>>> print(open('data-v4.cif').read())   # mmCIF, C-alpha atoms
data_upload
loop_
_atom_site.group_PDB
_atom_site.id
_atom_site.type_symbol
_atom_site.label_atom_id
_atom_site.label_comp_id
_atom_site.auth_asym_id
_atom_site.auth_seq_id
_atom_site.Cartn_x
_atom_site.Cartn_y
_atom_site.Cartn_z
ATOM 1 C CA MET A 478 27.917 -6.695 -49.789
ATOM 2 C CA ARG A 479 28.421 -6.037 -46.114
ATOM 3 C CA PHE A 480 27.804 -2.302 -45.901
ATOM 4 C CA LYS A 481 25.329 -0.169 -47.792
ATOM 5 C CA SER A 482 26.765 3.050 -46.371
ATOM 6 C CA SER A 483 29.946 4.107 -44.640
ATOM 7 C CA LYS A 484 30.871 2.499 -41.337
ATOM 8 C CA ALA A 485 30.554 5.791 -39.461
ATOM 9 C CA ASN A 486 27.024 6.254 -40.799
ATOM 10 C CA GLU A 487 26.137 2.661 -39.827
ATOM 11 C CA PHE A 488 27.223 3.295 -36.225
ATOM 12 C CA ARG A 489 25.253 6.528 -36.138
ATOM 13 C CA LEU A 490 22.194 4.736 -37.533
ATOM 14 C CA TRP A 491 22.284 2.117 -34.766
ATOM 15 C CA GLY A 492 22.747 4.832 -32.162
ATOM 16 C CA LEU A 493 19.737 6.688 -33.523
ATOM 17 C CA LEU A 494 17.592 3.531 -33.624
ATOM 18 C CA LEU A 495 18.447 2.703 -30.005
ATOM 19 C CA THR A 496 17.695 6.274 -28.941
ATOM 20 C CA MET A 497 14.306 6.259 -30.656
ATOM 21 C CA GLY A 498 13.520 2.758 -29.389
ATOM 22 C CA GLY A 499 14.384 3.717 -25.806
ATOM 23 C CA MET A 500 12.260 6.851 -25.943
ATOM 24 C CA LEU A 501 9.345 4.944 -27.490
ATOM 25 C CA LEU A 502 9.571 2.244 -24.826
ATOM 26 C CA MET A 503 9.554 4.843 -22.056
ATOM 27 C CA ILE A 504 6.558 6.637 -23.577
ATOM 28 C CA LEU A 505 4.621 3.378 -24.035
ATOM 29 C CA GLY A 506 5.494 2.387 -20.469
ATOM 30 C CA LEU A 507 3.865 5.542 -19.185
ATOM 31 C CA ALA A 508 0.562 4.313 -20.642
ATOM 32 C CA GLY A 509 0.231 2.178 -17.517
ATOM 33 C CA ILE A 510 0.054 5.298 -15.372
ATOM 34 C CA VAL A 511 -1.885 7.508 -17.804
ATOM 35 C CA PHE A 512 -4.688 4.974 -18.288
ATOM 36 C CA GLU A 513 -4.737 4.154 -14.558
ATOM 37 C CA TRP A 514 -4.176 0.407 -14.735
ATOM 38 C CA GLY A 515 -3.388 0.248 -11.025
ATOM 39 C CA ALA A 516 -0.413 -1.670 -9.625
ATOM 40 C CA VAL A 517 0.155 -3.520 -12.906
ATOM 41 C CA GLY A 518 0.285 -0.196 -14.749
ATOM 42 C CA ARG A 519 2.910 1.156 -12.361
ATOM 43 C CA MET A 520 4.970 -1.999 -12.860
ATOM 44 C CA ILE A 521 4.711 -1.657 -16.657
ATOM 45 C CA ALA A 522 5.800 1.979 -16.362
ATOM 46 C CA ALA A 523 8.769 1.093 -14.140
ATOM 47 C CA VAL A 524 9.969 -1.701 -16.451
ATOM 48 C CA GLY A 525 9.506 0.482 -19.538
ATOM 49 C CA MET A 526 11.441 3.340 -17.950
ATOM 50 C CA VAL A 527 14.344 1.128 -16.841
ATOM 51 C CA ILE A 528 14.722 -0.718 -20.159
ATOM 52 C CA GLY A 529 14.275 2.533 -22.108
ATOM 53 C CA ALA A 530 16.939 4.266 -20.019
ATOM 54 C CA ILE A 531 19.333 1.349 -20.588
ATOM 55 C CA LEU A 532 18.751 1.582 -24.345
ATOM 56 C CA MET A 533 19.437 5.321 -24.201
ATOM 57 C CA LEU A 534 22.720 4.717 -22.341
ATOM 58 C CA VAL A 535 23.774 2.072 -24.885
ATOM 59 C CA SER A 536 23.025 4.492 -27.723
ATOM 60 C CA MET A 537 25.138 7.127 -25.980
ATOM 61 C CA GLY A 538 28.013 4.626 -25.848
ATOM 62 C CA ILE A 539 27.604 3.862 -29.546
ATOM 63 C CA TYR A 540 27.635 7.570 -30.434
ATOM 64 C CA PHE A 541 30.760 8.022 -28.293
ATOM 65 C CA ALA A 542 32.522 5.094 -29.993
ATOM 66 C CA ALA A 543 31.550 6.387 -33.448
ATOM 67 C CA GLY A 544 32.920 9.817 -32.561
ATOM 68 C CA MET A 545 36.199 8.367 -31.327
ATOM 69 C CA MET A 546 36.591 6.279 -34.494
ATOM 70 C CA SER A 547 35.745 9.291 -36.632
ATOM 71 C CA THR A 548 38.526 11.376 -35.081
ATOM 72 C CA SER A 549 41.183 8.806 -36.076
ATOM 73 C CA ALA A 550 39.746 8.047 -39.527
ATOM 74 C CA VAL A 551 41.717 8.716 -42.701
ATOM 75 C CA VAL A 552 40.208 11.434 -44.898
ATOM 76 C CA VAL A 553 40.390 10.724 -48.634
ATOM 77 C CA VAL A 554 38.834 12.331 -51.685
ATOM 78 C CA CYS A 555 36.357 10.016 -53.405
ATOM 79 C CA PRO A 556 37.308 9.392 -57.053
ATOM 80 C CA GLU A 557 33.632 9.253 -58.114
ATOM 81 C CA CYS A 558 32.085 12.336 -56.478
ATOM 82 C CA ALA A 559 35.300 14.247 -55.590
ATOM 83 C CA LYS A 560 34.105 14.917 -52.016
ATOM 84 C CA PRO A 561 36.283 14.294 -48.949
ATOM 85 C CA THR A 562 35.124 11.283 -46.930
ATOM 86 C CA LYS A 563 36.443 9.414 -43.906
ATOM 87 C CA ILE A 564 37.579 5.792 -44.147
ATOM 88 C CA ILE A 565 37.401 3.597 -41.050
ATOM 89 C CA GLY A 566 39.445 0.415 -41.434
ATOM 90 C CA LYS A 567 40.994 -0.854 -44.663
ATOM 91 C CA THR A 568 37.855 -0.609 -46.788
ATOM 92 C CA ASP A 569 34.824 1.605 -46.438
ATOM 93 C CA ARG A 570 32.203 3.305 -48.559
ATOM 94 C CA CYS A 571 31.983 6.953 -49.553
ATOM 95 C CA MET A 572 29.553 8.811 -47.286
ATOM 96 C CA PHE A 573 27.986 10.546 -50.280
ATOM 97 C CA CYS A 574 27.943 8.238 -53.330
ATOM 98 C CA LYS A 575 28.484 4.815 -51.611
ATOM 99 C CA THR A 576 31.527 3.926 -53.765
ATOM 100 C CA ILE A 577 33.768 1.287 -52.183
ATOM 101 C CA LEU A 578 37.065 2.893 -51.155
ATOM 102 C CA SER A 579 40.293 1.402 -49.836
ATOM 103 C CA VAL A 580 43.607 2.749 -48.586
ATOM 104 C CA ASP A 581 45.319 -0.624 -49.101
ATOM 105 C CA PRO A 582 45.814 -1.619 -52.768
ATOM 106 C CA ALA A 583 45.427 -5.304 -51.825
ATOM 107 C CA HIS A 584 41.853 -4.628 -50.664
ATOM 108 C CA ALA A 585 40.874 -2.356 -53.534
ATOM 109 C CA PRO A 586 37.828 -3.490 -55.538
ATOM 110 C CA GLN A 587 38.815 -5.117 -58.825
ATOM 111 C CA GLU A 588 37.566 -3.733 -62.122
ATOM 112 C CA ASP A 589 35.475 -6.061 -64.254
ATOM 113 C CA ALA A 590 37.643 -7.606 -66.957
ATOM 114 C CA GLN A 591 34.584 -8.055 -69.198
ATOM 115 C CA HIS A 592 34.225 -4.313 -69.783
ATOM 116 C CA VAL A 593 37.784 -3.819 -71.051
ATOM 117 C CA HIS A 594 38.369 -4.989 -74.599
ATOM 118 C CA PRO A 595 41.809 -6.600 -75.137
ATOM 119 C CA ALA A 596 42.535 -4.215 -78.036
ATOM 120 C CA GLU A 597 41.842 -1.211 -75.782
ATOM 121 C CA GLU A 598 44.105 -2.692 -73.138
ATOM 122 C CA ALA A 599 47.042 -3.056 -75.566
ATOM 123 C CA LYS A 600 46.499 0.353 -77.208
ATOM 124 C CA PRO A 601 47.788 2.569 -74.337
ATOM 125 C CA ALA A 602 50.878 0.385 -73.969
ATOM 126 C CA GLN A 603 51.651 0.767 -77.663
ATOM 127 C CA GLU A 604 51.076 4.535 -77.557
ATOM 128 C CA GLY A 605 53.332 4.855 -74.521
ATOM 129 C CA ALA A 606 56.082 2.925 -76.310
ATOM 130 C CA THR A 607 55.906 5.128 -79.421
ATOM 131 C CA THR A 608 55.948 8.416 -77.515
ATOM 132 C CA SER A 609 58.922 7.490 -75.337
ATOM 133 C CA SER A 610 61.244 6.656 -78.291
#
>>> encode(input="data-v4.cif", output="structure tokens")
Amino acid sequence: MRFKSSKANEFRLWGLLLTMGGMLLMILGLAGIVFEWGAVGRMIAAVGMVIGAILMLVSMGIYFAAGMMSTSAVVVVCPECAKPTKIIGKTDRCMFCKTILSVDPAHAPQEDAQHVHPAEEAKPAQEGATTSS
């Protein structure tokens, strides 16, 4: 279990977390000036502003990369919820119901063999043989 949501949503989540973290760090850095801690307070504010701004720029890069990947993603209709969703890479999850999807049959998730009874497995083959003759 690598992904709990689609890859595009994971990128957007990290971009959002870096944006919020950068803003929080800049706001906390300003406490040095607001509470008048002198020269140390100004240094805390400067460091907080610089690191916060860097985090904001990194989040902007992540959002840009996620947008570029989203434009070239394959759109498929999810078999579970019947909603169109974008697949990035060979396997991804549905953006709505989190079902594992794949465009390559070699990477498709395998059905559990325990749930299919051998008699049920042979039944459609027998029915198909009788209807075709």
>>> closest_atom_pairs(input="data-v4.cif", of="region 528-597 of chain A", to="region 495-501 of chain A", cutoff="7 Å", atoms="only C-alpha atoms", output="JSON lines")
{"residue": "A:Gly529", "atom": "CA", "partner": "A:Gly499", "partner_atom": "CA", "distance": 3.9}
{"residue": "A:Ala530", "atom": "CA", "partner": "A:Gly499", "partner_atom": "CA", "distance": 6.3}
{"residue": "A:Leu532", "atom": "CA", "partner": "A:Gly499", "partner_atom": "CA", "distance": 5.1}
{"residue": "A:Met533", "atom": "CA", "partner": "A:Thr496", "partner_atom": "CA", "distance": 5.1}
{"residue": "A:Ser536", "atom": "CA", "partner": "A:Leu495", "partner_atom": "CA", "distance": 5.4}
>>> residues_around(input="data-v4.cif", residues="Met546 (chain A)", least_positions_apart="6", cutoff="12 Å", atoms="only C-alpha atoms", output="NGL selection string")
:A and (484-486 or 488-489 or 539-540 or 563-566)
>>> resolve_selection(input="data-v4.cif", expression="the PyMOL selection byres ((chain A and resi 521) around 10)", output="PyMOL selection string")
chain A and resi 503+505-510+514+516-520+522-526
>>> closest_residue(input="data-v4.cif", among="A:Phe541, A:Ala559, A:Thr548, A:Ser483", to="Ser579 (chain A)", atoms="all atoms listed in the file")
A:Ser483
>>> atom_distance(input="data-v4.cif", atom1="CA of Ala542 (chain A)", atom2="CA of Phe573 (chain A)")
21.5 Å
